[in-house]
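Visitor: Just one file: data.cif, with mmCIF, C-alpha atoms.
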```cif
data_protein
#
loop_
_atom_site.label_atom_id
_atom_site.label_comp_id
_atom_site.auth_asym_id
_atom_site.auth_seq_id
_atom_site.Cartn_x
_atom_site.Cartn_y
_atom_site.Cartn_z
CA MET X 650 154.66 145.22 24.00
CA SER X 651 153.25 144.64 27.44
CA LEU X 652 153.76 147.09 30.27
CA SER X 653 155.11 145.45 33.41
CA LEU X 654 156.83 146.33 36.64
CA ASP X 655 160.52 145.70 37.15
CA ILE X 656 160.39 143.19 39.96
CA SER X 657 163.64 141.39 39.20
CA HIS X 658 164.67 141.81 42.82
CA ALA X 659 161.53 140.14 44.14
CA ALA X 660 160.97 136.51 45.02
CA ARG X 661 160.21 134.26 42.06
CA PRO X 662 158.89 130.72 41.79
CA ALA X 663 161.76 128.25 42.12
CA SER X 664 162.85 127.07 38.66
CA ALA X 665 163.45 123.55 39.97
CA GLN X 666 159.76 123.09 40.69
CA PRO X 667 157.80 121.01 38.16
CA VAL X 668 155.71 123.02 35.73
CA ASN X 669 152.03 123.14 36.63
CA LEU X 670 150.15 122.39 33.43
CA SER X 671 147.13 124.31 34.72
CA GLY X 672 148.86 127.58 33.89
CA LEU X 673 149.79 126.80 30.28
CA THR X 674 147.82 127.98 27.29
CA ARG X 675 146.87 125.38 24.70
CA ASP X 676 149.93 126.17 22.61
CA GLY X 677 152.11 126.25 25.70
CA LEU X 678 150.81 122.83 26.76
CA ARG X 679 151.48 121.35 23.32
CA GLN X 680 155.02 122.74 23.31
CA ALA X 681 155.69 121.51 26.86
CA LEU X 682 154.71 117.96 25.90
CA ILE X 683 157.12 118.03 22.97
CA GLU X 684 160.03 119.49 24.96
CA ALA X 685 159.55 116.95 27.75
CA GLY X 686 159.56 114.09 25.27
CA VAL X 687 156.10 112.97 26.35
CA CYS X 688 154.96 112.59 22.75
CA PRO X 689 156.25 113.33 19.24
CA PRO X 690 155.38 116.68 17.60
CA GLU X 691 152.88 115.13 15.19
CA LYS X 692 150.77 113.83 18.10
CA ALA X 693 151.26 116.70 20.50
CA LYS X 694 148.18 118.69 19.48
CA MET X 695 145.89 115.69 19.99
CA ARG X 696 147.50 114.75 23.31
CA ALA X 697 147.37 118.34 24.52
CA SER X 698 143.65 118.47 23.73
CA GLN X 699 143.02 115.29 25.75
CA ILE X 700 145.00 116.53 28.75
CA TRP X 701 143.42 119.99 28.51
CA GLY X 702 139.94 118.52 28.89
CA TRP X 703 140.94 116.54 31.97
CA ILE X 704 142.52 119.58 33.63
CA HIS X 705 140.04 122.31 32.76
CA HIS X 706 136.75 120.51 32.13
CA TYR X 707 136.95 117.71 34.68
CA GLY X 708 139.25 119.43 37.17
CA VAL X 709 141.46 116.40 37.83
CA THR X 710 144.59 116.78 39.96
CA ASP X 711 146.06 113.32 39.27
CA PHE X 712 147.42 112.19 35.90
CA ALA X 713 146.31 108.63 36.78
CA ALA X 714 142.69 109.80 36.47
CA MET X 715 143.14 110.49 32.74
CA SER X 716 141.53 107.29 31.50
CA ASN X 717 142.18 107.83 27.79
CA VAL X 718 145.91 108.49 28.34
CA ALA X 719 148.22 105.44 28.30
CA LYS X 720 149.70 104.32 31.65
CA ASP X 721 153.29 104.89 30.55
CA MET X 722 152.43 108.41 29.41
CA GLN X 723 150.63 109.09 32.71
CA GLY X 724 153.83 108.11 34.49
CA ARG X 725 155.98 110.33 32.33
CA LEU X 726 153.63 113.28 32.87
CA ALA X 727 153.79 112.78 36.63
CA GLU X 728 157.60 112.76 36.50
CA VAL X 729 158.00 116.15 34.86
CA PHE X 730 154.74 118.04 35.49
CA THR X 731 152.23 118.68 38.25
CA LEU X 732 148.53 119.45 38.57
CA ALA X 733 148.68 120.15 42.30
CA ARG X 734 146.42 122.77 43.81
CA PRO X 735 148.01 125.36 46.08
CA GLU X 736 147.66 125.09 49.85
CA ILE X 737 144.48 126.56 51.32
CA VAL X 738 145.70 128.27 54.47
CA GLU X 739 142.29 129.51 55.52
CA ARG X 740 138.72 129.19 54.30
CA GLN X 741 135.92 131.38 55.63
CA VAL X 742 132.22 131.62 54.84
CA SER X 743 130.30 134.79 55.64
CA LYS X 744 126.78 134.86 57.01
CA ASP X 745 125.77 136.40 53.65
CA GLY X 746 127.21 133.46 51.67
CA THR X 747 130.44 135.14 50.63
CA ARG X 748 133.42 132.75 50.67
CA LYS X 749 137.06 133.72 51.10
CA TRP X 750 140.16 131.60 50.67
CA LEU X 751 143.68 132.48 51.75
CA ILE X 752 145.88 130.55 49.34
CA ARG X 753 149.61 129.85 49.64
CA THR X 754 151.14 129.19 46.23
CA ALA X 755 154.79 129.16 47.35
CA PRO X 756 156.76 129.91 50.52
CA GLY X 757 155.93 133.46 51.55
CA ILE X 758 153.46 133.88 48.69
CA GLU X 759 149.89 134.20 49.94
CA ILE X 760 146.88 135.63 48.13
CA GLU X 761 143.20 135.96 48.86
CA THR X 762 140.32 135.30 46.52
CA VAL X 763 136.66 135.90 47.25
CA TYR X 764 133.48 134.34 45.86
CA ILE X 765 130.43 136.60 46.05
CA PRO X 766 127.03 134.98 45.39
CA ASP X 767 124.24 136.75 43.53
CA VAL X 768 126.62 138.94 41.51
CA GLY X 769 126.61 138.85 37.73
CA ARG X 770 124.54 136.02 36.33
CA ALA X 771 124.93 133.86 39.43
CA GLY X 772 128.09 134.57 41.40
CA ALA X 773 131.41 136.33 40.86
CA LEU X 774 134.94 135.39 41.86
CA CYS X 775 137.22 138.27 42.75
CA VAL X 776 140.76 137.19 41.83
CA SER X 777 144.16 138.71 42.54
CA SER X 778 146.86 139.38 39.94
CA GLN X 779 149.78 140.35 42.20
CA VAL X 780 151.00 139.66 45.70
CA GLY X 781 150.68 143.10 47.21
CA CYS X 782 150.35 146.34 45.27
CA THR X 783 152.41 149.38 44.29
CA LEU X 784 149.61 151.89 43.77
CA ASN X 785 149.10 153.07 47.38
CA CYS X 786 145.55 154.29 46.85
CA SER X 787 144.92 156.24 50.03
CA PHE X 788 141.50 154.70 50.79
CA CYS X 789 142.47 151.06 50.15
CA HIS X 790 143.63 148.79 52.96
CA THR X 791 144.95 146.18 50.53
CA GLY X 792 147.20 148.84 49.04
CA THR X 793 149.09 149.20 52.33
CA GLN X 794 150.84 145.90 51.60
CA LYS X 795 154.04 146.22 49.59
CA LEU X 796 154.40 144.42 46.28
CA VAL X 797 156.09 141.02 46.50
CA ARG X 798 155.74 139.90 42.88
CA ASN X 799 153.42 139.26 39.98
CA LEU X 800 151.34 136.09 40.02
CA THR X 801 151.89 133.55 37.28
CA ALA X 802 149.07 132.44 35.01
CA ALA X 803 149.01 129.15 36.94
CA GLU X 804 148.54 131.02 40.24
CA ILE X 805 145.71 133.09 38.77
CA VAL X 806 143.96 130.05 37.31
CA ALA X 807 144.48 128.21 40.61
CA GLN X 808 142.21 130.73 42.34
CA VAL X 809 139.41 129.75 39.97
CA GLN X 810 140.15 126.05 40.47
CA VAL X 811 140.09 126.35 44.27
CA ALA X 812 136.72 128.10 44.13
CA ARG X 813 135.26 125.53 41.74
CA ASP X 814 136.55 122.70 43.94
CA ASP X 815 134.74 124.20 46.91
CA LEU X 816 131.57 124.95 44.95
CA GLY X 817 131.50 121.46 43.41
CA GLU X 818 131.56 122.71 39.83
CA TRP X 819 133.47 119.94 38.05
CA PRO X 820 132.99 118.96 35.32
CA SER X 821 132.36 122.42 33.90
CA PRO X 822 128.61 123.05 33.91
CA LYS X 823 127.06 124.77 30.93
CA GLU X 824 123.93 125.82 32.81
CA ASP X 825 123.11 126.65 36.41
CA ARG X 826 126.69 127.33 37.33
CA ARG X 827 127.24 129.14 40.61
CA LEU X 828 130.49 130.74 39.50
CA SER X 829 129.41 132.67 36.42
CA ASN X 830 131.68 135.74 36.45
CA ILE X 831 135.33 136.57 37.08
CA VAL X 832 136.47 140.01 38.21
CA PHE X 833 140.13 141.00 38.42
CA MET X 834 139.51 143.27 41.39
CA GLY X 835 141.57 141.55 44.06
CA MET X 836 145.11 142.32 45.11
CA GLY X 837 147.32 144.13 42.63
CA GLU X 838 147.08 146.07 39.37
CA PRO X 839 146.27 143.60 36.55
CA LEU X 840 147.74 145.77 33.79
CA TYR X 841 151.16 145.64 35.44
CA ASN X 842 150.99 141.86 34.93
CA LEU X 843 149.22 141.76 31.59
CA ASP X 844 151.06 138.82 30.03
CA HIS X 845 150.11 136.41 32.81
CA VAL X 846 146.62 137.91 33.16
CA ALA X 847 145.99 137.51 29.41
CA ASP X 848 147.20 133.89 29.45
CA ALA X 849 144.97 133.13 32.45
CA ILE X 850 141.97 134.64 30.65
CA ASP X 851 142.71 132.52 27.56
CA ILE X 852 142.67 129.43 29.79
CA ILE X 853 139.57 130.37 31.77
CA SER X 854 137.54 131.28 28.68
CA ASP X 855 138.43 128.25 26.53
CA ASN X 856 135.21 126.54 25.41
CA GLU X 857 136.56 123.04 26.07
CA GLY X 858 137.56 123.84 29.63
CA ILE X 859 136.21 126.20 32.28
CA ALA X 860 134.35 127.94 29.45
CA LEU X 861 133.53 131.30 30.98
CA SER X 862 132.56 133.86 28.35
CA ARG X 863 134.98 136.76 27.97
CA ARG X 864 131.99 139.05 28.38
CA ARG X 865 131.65 137.65 31.90
CA ILE X 866 135.26 138.45 32.75
CA THR X 867 136.02 141.99 33.93
CA VAL X 868 139.49 143.46 34.38
CA SER X 869 139.75 146.48 36.66
CA THR X 870 142.57 149.00 36.39
CA SER X 871 143.43 152.12 38.32
CA GLY X 872 144.43 153.70 35.02
CA VAL X 873 147.57 152.23 33.47
CA VAL X 874 146.81 154.13 30.28
CA PRO X 875 149.36 152.64 27.83
CA ALA X 876 148.18 149.08 28.52
CA ILE X 877 144.42 149.69 28.19
CA PRO X 878 144.25 149.29 24.37
CA GLU X 879 146.38 146.14 24.59
CA LEU X 880 144.11 144.70 27.25
CA GLY X 881 141.13 145.07 24.93
CA ALA X 882 142.94 143.73 21.88
CA ARG X 883 144.40 140.70 23.66
CA THR X 884 141.57 139.67 25.96
CA GLN X 885 138.26 141.11 24.65
CA THR X 886 137.14 141.30 28.27
CA MET X 887 134.98 143.89 29.99
CA LEU X 888 136.81 146.94 31.31
CA ALA X 889 136.42 148.49 34.75
CA ILE X 890 138.09 151.70 35.90
CA SER X 891 138.88 152.41 39.54
CA LEU X 892 137.98 156.11 39.23
CA HIS X 893 136.88 157.62 42.58
CA ALA X 894 137.35 161.28 41.60
CA THR X 895 136.37 163.65 38.81
CA ASN X 896 139.33 166.02 38.85
CA ASP X 897 143.08 165.53 38.83
CA GLU X 898 143.72 167.38 42.09
CA LEU X 899 141.59 164.98 44.14
CA ARG X 900 142.43 161.87 42.14
CA ASN X 901 146.15 162.54 42.64
CA VAL X 902 145.48 162.05 46.36
CA LEU X 903 143.09 159.11 46.16
CA VAL X 904 144.78 157.27 43.28
CA PRO X 905 148.42 158.45 43.05
CA LEU X 906 148.86 156.74 39.67
CA ASN X 907 146.85 159.68 38.32
CA LYS X 908 149.98 161.85 38.62
CA LYS X 909 151.53 159.72 35.87
CA TYR X 910 148.40 159.21 33.79
CA PRO X 911 145.97 162.11 34.42
CA LEU X 912 142.27 162.01 33.70
CA GLU X 913 142.49 163.48 30.21
CA GLN X 914 144.77 160.65 29.09
CA LEU X 915 142.72 158.04 30.94
CA MET X 916 139.42 159.09 29.42
CA ALA X 917 140.92 159.14 25.92
CA ALA X 918 142.16 155.58 26.38
CA ILE X 919 138.76 154.45 27.64
CA ARG X 920 136.96 155.99 24.66
CA ALA X 921 139.32 154.10 22.35
CA TYR X 922 138.89 150.72 24.11
CA PRO X 923 138.43 148.02 21.45
CA GLY X 924 134.84 146.82 21.11
CA LEU X 925 133.38 149.49 23.38
CA GLY X 926 129.61 149.75 22.95
CA ASN X 927 126.25 149.21 24.61
CA ALA X 928 126.94 145.48 24.80
CA ARG X 929 130.39 146.10 26.30
CA ARG X 930 130.01 149.00 28.66
CA VAL X 931 132.78 150.32 30.85
CA THR X 932 132.21 150.03 34.59
CA PHE X 933 133.42 153.00 36.62
CA GLU X 934 134.08 152.14 40.25
CA TYR X 935 133.54 155.02 42.64
CA VAL X 936 134.11 154.60 46.38
CA MET X 937 131.93 156.95 48.44
CA LEU X 938 134.01 158.97 50.90
CA LYS X 939 132.20 161.29 53.30
CA GLY X 940 132.87 164.94 52.57
CA VAL X 941 135.55 164.07 50.00
CA ASN X 942 133.96 163.04 46.70
CA ASP X 943 130.26 162.60 47.46
CA SER X 944 128.65 165.97 46.81
CA PRO X 945 125.96 166.64 44.18
CA GLU X 946 128.52 168.81 42.40
CA GLU X 947 130.85 165.82 42.15
CA ALA X 948 128.00 163.70 40.77
CA ARG X 949 127.32 166.27 38.06
CA ALA X 950 131.03 166.49 37.30
CA LEU X 951 131.12 162.71 36.93
CA VAL X 952 128.25 162.81 34.44
CA LYS X 953 130.17 165.40 32.41
CA LEU X 954 133.42 163.42 32.61
CA ILE X 955 131.96 160.17 31.23
CA SER X 956 129.53 161.80 28.80
CA GLY X 957 129.12 159.77 25.62
CA ILE X 958 130.81 156.64 27.02
CA PRO X 959 128.67 153.49 27.20
CA ALA X 960 129.03 152.95 30.91
CA LYS X 961 127.61 152.18 34.31
CA VAL X 962 128.88 153.44 37.66
CA ASN X 963 129.27 151.16 40.66
CA LEU X 964 128.95 153.23 43.84
CA ILE X 965 130.92 151.54 46.60
CA PRO X 966 130.27 152.41 50.26
CA PHE X 967 133.68 152.85 51.88
CA ASN X 968 134.80 150.05 54.20
CA PRO X 969 136.59 151.72 57.15
CA TRP X 970 139.82 150.13 58.39
CA PRO X 971 142.07 150.89 61.40
CA GLY X 972 144.22 153.95 60.79
CA THR X 973 142.25 155.43 57.92
CA ASP X 974 141.15 159.06 58.00
CA TYR X 975 138.21 158.42 55.66
CA GLU X 976 134.59 157.73 56.56
CA CYS X 977 131.78 156.23 54.54
CA SER X 978 129.26 158.64 53.06
CA ASP X 979 125.81 158.72 54.65
CA TRP X 980 123.28 156.50 52.90
CA LYS X 981 121.06 159.43 51.91
CA THR X 982 124.07 161.15 50.38
CA ILE X 983 124.89 158.04 48.33
CA GLU X 984 121.28 157.75 47.15
CA LYS X 985 121.23 161.42 46.13
CA PHE X 986 124.49 160.91 44.21
CA ALA X 987 123.03 157.86 42.46
CA ALA X 988 119.85 159.73 41.56
CA ILE X 989 121.83 162.37 39.67
CA LEU X 990 123.63 159.67 37.67
CA ASN X 991 120.38 157.81 37.00
CA LYS X 992 118.68 160.96 35.76
CA ALA X 993 121.56 161.43 33.30
CA GLY X 994 120.95 157.92 31.95
CA TYR X 995 123.68 156.00 33.74
CA ALA X 996 122.90 152.88 35.76
CA SER X 997 124.45 153.45 39.17
CA PRO X 998 123.90 150.49 41.48
CA ILE X 999 125.02 150.92 45.07
CA ARG X 1000 127.19 147.94 45.86
CA THR X 1001 125.97 146.14 48.94
CA PRO X 1002 128.96 145.50 51.24
CA ARG X 1003 129.53 141.74 51.28
CA GLY X 1004 131.67 139.56 53.52
CA ARG X 1005 132.55 142.24 56.06
CA ASP X 1006 132.40 139.70 58.89
CA ILE X 1007 135.19 137.67 57.25
CA LEU X 1008 137.21 140.70 56.08
CA ALA X 1009 136.32 140.01 52.46
CA ALA X 1010 134.80 143.37 51.59
CA CYS X 1011 136.22 145.69 48.96
CA GLY X 1012 139.68 146.94 49.97
CA GLN X 1013 140.13 144.50 52.86
CA LEU X 1014 141.99 141.64 51.21
CA LYS X 1015 145.09 140.02 52.68
CA SER X 1016 146.52 142.82 54.80
CA GLU X 1017 144.00 142.36 57.61
CA SER X 1018 144.44 138.58 57.56
CA GLU X 1019 148.19 139.10 57.87
CA LYS X 1020 147.66 141.40 60.83
CA ILE X 1021 145.42 138.87 62.60
CA ARG X 1022 147.91 136.03 62.11
CA ALA X 1023 150.80 138.23 63.27
CA SER X 1024 148.83 139.18 66.38
CA ALA X 1025 148.09 135.53 67.13
CA LEU X 1026 151.77 134.64 66.71
CA ARG X 1027 152.81 137.39 69.11
CA ALA X 1028 150.30 136.12 71.64
CA MET X 1029 151.71 132.58 71.39
CA VAL X 1030 155.25 133.87 71.86
CA SER X 1031 154.24 135.91 74.91
CA VAL X 1032 152.62 132.84 76.49
CA ASP X 1033 155.77 130.80 75.97
#
```
As structure tokens - that is how I would like this structure written.

Guide:
Amino acid sequence: MSLSLDISHAARPASAQPVNLSGLTRDGLRQALIEAGVCPPEKAKMRASQIWGWIHHYGVTDFAAMSNVAKDMQGRLAEVFTLARPEIVERQVSKDGTRKWLIRTAPGIEIETVYIPDVGRAGALCVSSQVGCTLNCSFCHTGTQKLVRNLTAAEIVAQVQVARDDLGEWPSPKEDRRLSNIVFMGMGEPLYNLDHVADAIDIISDNEGIALSRRRITVSTSGVVPAIPELGARTQTMLAISLHATNDELRNVLVPLNKKYPLEQLMAAIRAYPGLGNARRVTFEYVMLKGVNDSPEEARALVKLISGIPAKVNLIPFNPWPGTDYECSDWKTIEKFAAILNKAGYASPIRTPRGRDILAACGQLKSESEKIRASALRAMVSVD
């Protein structure tokens, strides 16, 4: 049974809106065709396979482009379903090649997704799983935005589609693709929306569609312990843990979810993650905060904490934001921290801050864009 937040009070997609086929799994697509009377049950699997290829391999957004689907069926599909992309409110390209899109999927529902070149095999897309967040991690600017609702599978897949549109990656390339990795490290806690996240991963990884290997898809959690085994069993993806501290006292402050699921429980769940091994290492994310968690003693404590776990540690220089009391660790301090981890046998790359000039760096998603737009609106009102 999936763990999810009670967001019954929050805004939901309007039920009257046509179903976007992009967000349906193969079985869901087949069933939708039957229920809509598009084709009889005995032909639904074949028709679903045809339509699937057009949507996820060729990236079409118009049923009329499906050349091996009869005209009358194209018309019926257009009557009851949609393939429309969401509105791109803003598109920015950083001087370092990072791309950021602000996407509106419904009235009042805006999310940001970021493409980072030269990450993973070729480039990684950082996708969001919720609008807003409930975790209130004290160092994260994105976490200052209240939760609106979970994203649907269609809204998660749409982020990948928007990026591939912009990168010119239709039909799905098998080699030399620029978007080679997906990381669920955007807005929200993916394990509080596991059903939709798992469906989106099924769609993204299907070999006859976008065809991204599950080993190139990473899901990051702040430590929703009960859902970690289910994530592994359902998705077979790589696991990342937003750690940031080596003891409960400090982690309770940095990642308040730790009060509910303390480190002992978290580490036990990680060690039991299905398929864990040298080929499927856990990534521990550790933001470097000056004078808070960056001492050599903390580095040695981290080595002890993760001992025996096939893992690497991503050291993340803190991105300061207005109002925060935290500062980024000095570079020499970060290097010394990394050296201790390396000596213990753990790869510990220092993540190069990317996209800072377009507010696309780690922890900067959405909230700062909202602030800029609100400021601009106030300025327009004052002029009037």

Visitor: Can you pull out every residue within 9 Å of range 766-776 of chain X, counting all atoms listed in the file, but drop anything in the same chain fewer than 5 positions away, and send it as a list of chain:residue names?

Guide: X:Asp745, X:Gly746, X:Thr747, X:Arg748, X:Ile760, X:Glu761, X:Ile805, X:Gln808, X:Val809, X:Ala812, X:Asp825, X:Arg826, X:Arg827, X:Leu828, X:Ser829, X:Asn830, X:Ile831, X:Val832, X:Phe833, X:Met834, X:Gly835, X:Met836, X:Arg865

Visitor: Can I get the selected residues back with C-alpha atoms, as a PDB file, in the coordinates of the input?

Guide:
```
ATOM      1  CA  ASP X 745     125.770 136.400  53.650  1.00  0.00           C
ATOM      2  CA  GLY X 746     127.210 133.460  51.670  1.00  0.00           C
ATOM      3  CA  THR X 747     130.440 135.140  50.630  1.00  0.00           C
ATOM      4  CA  ARG X 748     133.420 132.750  50.670  1.00  0.00           C
ATOM      5  CA  ILE X 760     146.880 135.630  48.130  1.00  0.00           C
ATOM      6  CA  GLU X 761     143.200 135.960  48.860  1.00  0.00           C
ATOM      7  CA  ILE X 805     145.710 133.090  38.770  1.00  0.00           C
ATOM      8  CA  GLN X 808     142.210 130.730  42.340  1.00  0.00           C
ATOM      9  CA  VAL X 809     139.410 129.750  39.970  1.00  0.00           C
ATOM     10  CA  ALA X 812     136.720 128.100  44.130  1.00  0.00           C
ATOM     11  CA  ASP X 825     123.110 126.650  36.410  1.00  0.00           C
ATOM     12  CA  ARG X 826     126.690 127.330  37.330  1.00  0.00           C
ATOM     13  CA  ARG X 827     127.240 129.140  40.610  1.00  0.00           C
ATOM     14  CA  LEU X 828     130.490 130.740  39.500  1.00  0.00           C
ATOM     15  CA  SER X 829     129.410 132.670  36.420  1.00  0.00           C
ATOM     16  CA  ASN X 830     131.680 135.740  36.450  1.00  0.00           C
ATOM     17  CA  ILE X 831     135.330 136.570  37.080  1.00  0.00           C
ATOM     18  CA  VAL X 832     136.470 140.010  38.210  1.00  0.00           C
ATOM     19  CA  PHE X 833     140.130 141.000  38.420  1.00  0.00           C
ATOM     20  CA  MET X 834     139.510 143.270  41.390  1.00  0.00           C
ATOM     21  CA  GLY X 835     141.570 141.550  44.060  1.00  0.00           C
ATOM     22  CA  MET X 836     145.110 142.320  45.110  1.00  0.00           C
ATOM     23  CA  ARG X 865     131.650 137.650  31.900  1.00  0.00           C
TER      24      ARG X 865
END
```

Visitor: Neighbouring residues of range 945-948 of chain X were defined as those with any atom within 8 Å, considering only C-alpha atoms; residues of the same chain fewer than 6 positions away were excluded. Please report them as a PyMOL selection string.

Guide: chain X and resi 894-895+985-987+989-990

Visitor: Show which residues sit within 8 Å of Ala807 in chain X, as a PyMOL selection string. Count only C-alpha atoms, and ignore same-chain residues fewer than 5 positions away.

Guide: chain X and resi 671+734-735

Visitor: What is the distance, in Å and to one decimal place, between CA of Val962 in chain X and CA of Thr932 in chain X?

Guide: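 Rounded to one decimal, the two atoms are 5.7 Å apart.
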
Visitor: Given the file shown, enumerate the residues that the PyMOL selection byres ((chain X and resi 919-926) around 8) captures and present them as JSON, numbers by chain.

Guide: {"X": [877, 878, 881, 882, 885, 915, 916, 917, 918, 927, 928, 929, 930, 931, 958, 959]}

Visitor: Contacts of Ile983 in chain X at 12 Å or less, counting only C-alpha atoms, minus same-chain residues fewer than 5 places along, as a ChimeraX atom specification?

Guide: /X:935-940,942-945,947-948,963-967,977-978,988-990,997-1001

Visitor: Choose the residue, out of X:Val941, X:Ile890, X:Ala960, X:Ala860, that has the smallest atom-to-atom separation from Pro820 in chain X; count only C-alpha atoms.

Guide: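 Between X:Val941, X:Ile890, X:Ala960, X:Ala860, the residue approaching Pro820 in chain X most closely is X:Ala860.
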
Visitor: What's around range 690-695 of chain X at 10 Å? Count only C-alpha atoms, leave out sequence neighbours fewer than 2 positions away in its own chain, and write the answer as JSON, numbers by chain.

Guide: {"X": [675, 676, 678, 679, 680, 681, 682, 683, 684, 686, 687, 688, 697, 698, 699, 700, 701]}

Visitor: Would you translate the PyMOL selection byres ((chain X and resi 670) around 9) into the concrete set of residues it matches in this file, as a list in words?

Guide: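 Taken on the displayed file, the PyMOL selection byres ((chain X and resi 670) around 9) yields the residues Val668, Asn669, Ser671, Gly672, Leu673, Thr674, Gly677, Leu678, Ala681, Trp701, Ile704, Phe730, Thr731, Leu732 and Ala803 of chain X.
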
Visitor: Given the file shown, enumerate the residues that the PyMOL selection byres ((chain X and resi 800) around 8) captures and present them as a PDB file with C-alpha atoms, in the frame of the given file.

Guide:
```pdb
ATOM      1  CA  SER X 778     146.860 139.380  39.940  1.00  0.00           C
ATOM      2  CA  GLN X 779     149.780 140.350  42.200  1.00  0.00           C
ATOM      3  CA  VAL X 780     151.000 139.660  45.700  1.00  0.00           C
ATOM      4  CA  ARG X 798     155.740 139.900  42.880  1.00  0.00           C
ATOM      5  CA  ASN X 799     153.420 139.260  39.980  1.00  0.00           C
ATOM      6  CA  THR X 801     151.890 133.550  37.280  1.00  0.00           C
ATOM      7  CA  ALA X 802     149.070 132.440  35.010  1.00  0.00           C
ATOM      8  CA  ALA X 803     149.010 129.150  36.940  1.00  0.00           C
ATOM      9  CA  GLU X 804     148.540 131.020  40.240  1.00  0.00           C
ATOM     10  CA  ILE X 805     145.710 133.090  38.770  1.00  0.00           C
ATOM     11  CA  ASN X 842     150.990 141.860  34.930  1.00  0.00           C
ATOM     12  CA  HIS X 845     150.110 136.410  32.810  1.00  0.00           C
TER      13      HIS X 845
END
```

Visitor: Could you work out how far CA of Ser821 in chain X lies from CA of Ile853 in chain X, giving the answer in Å with one decimal?

Guide: 10.9 Å
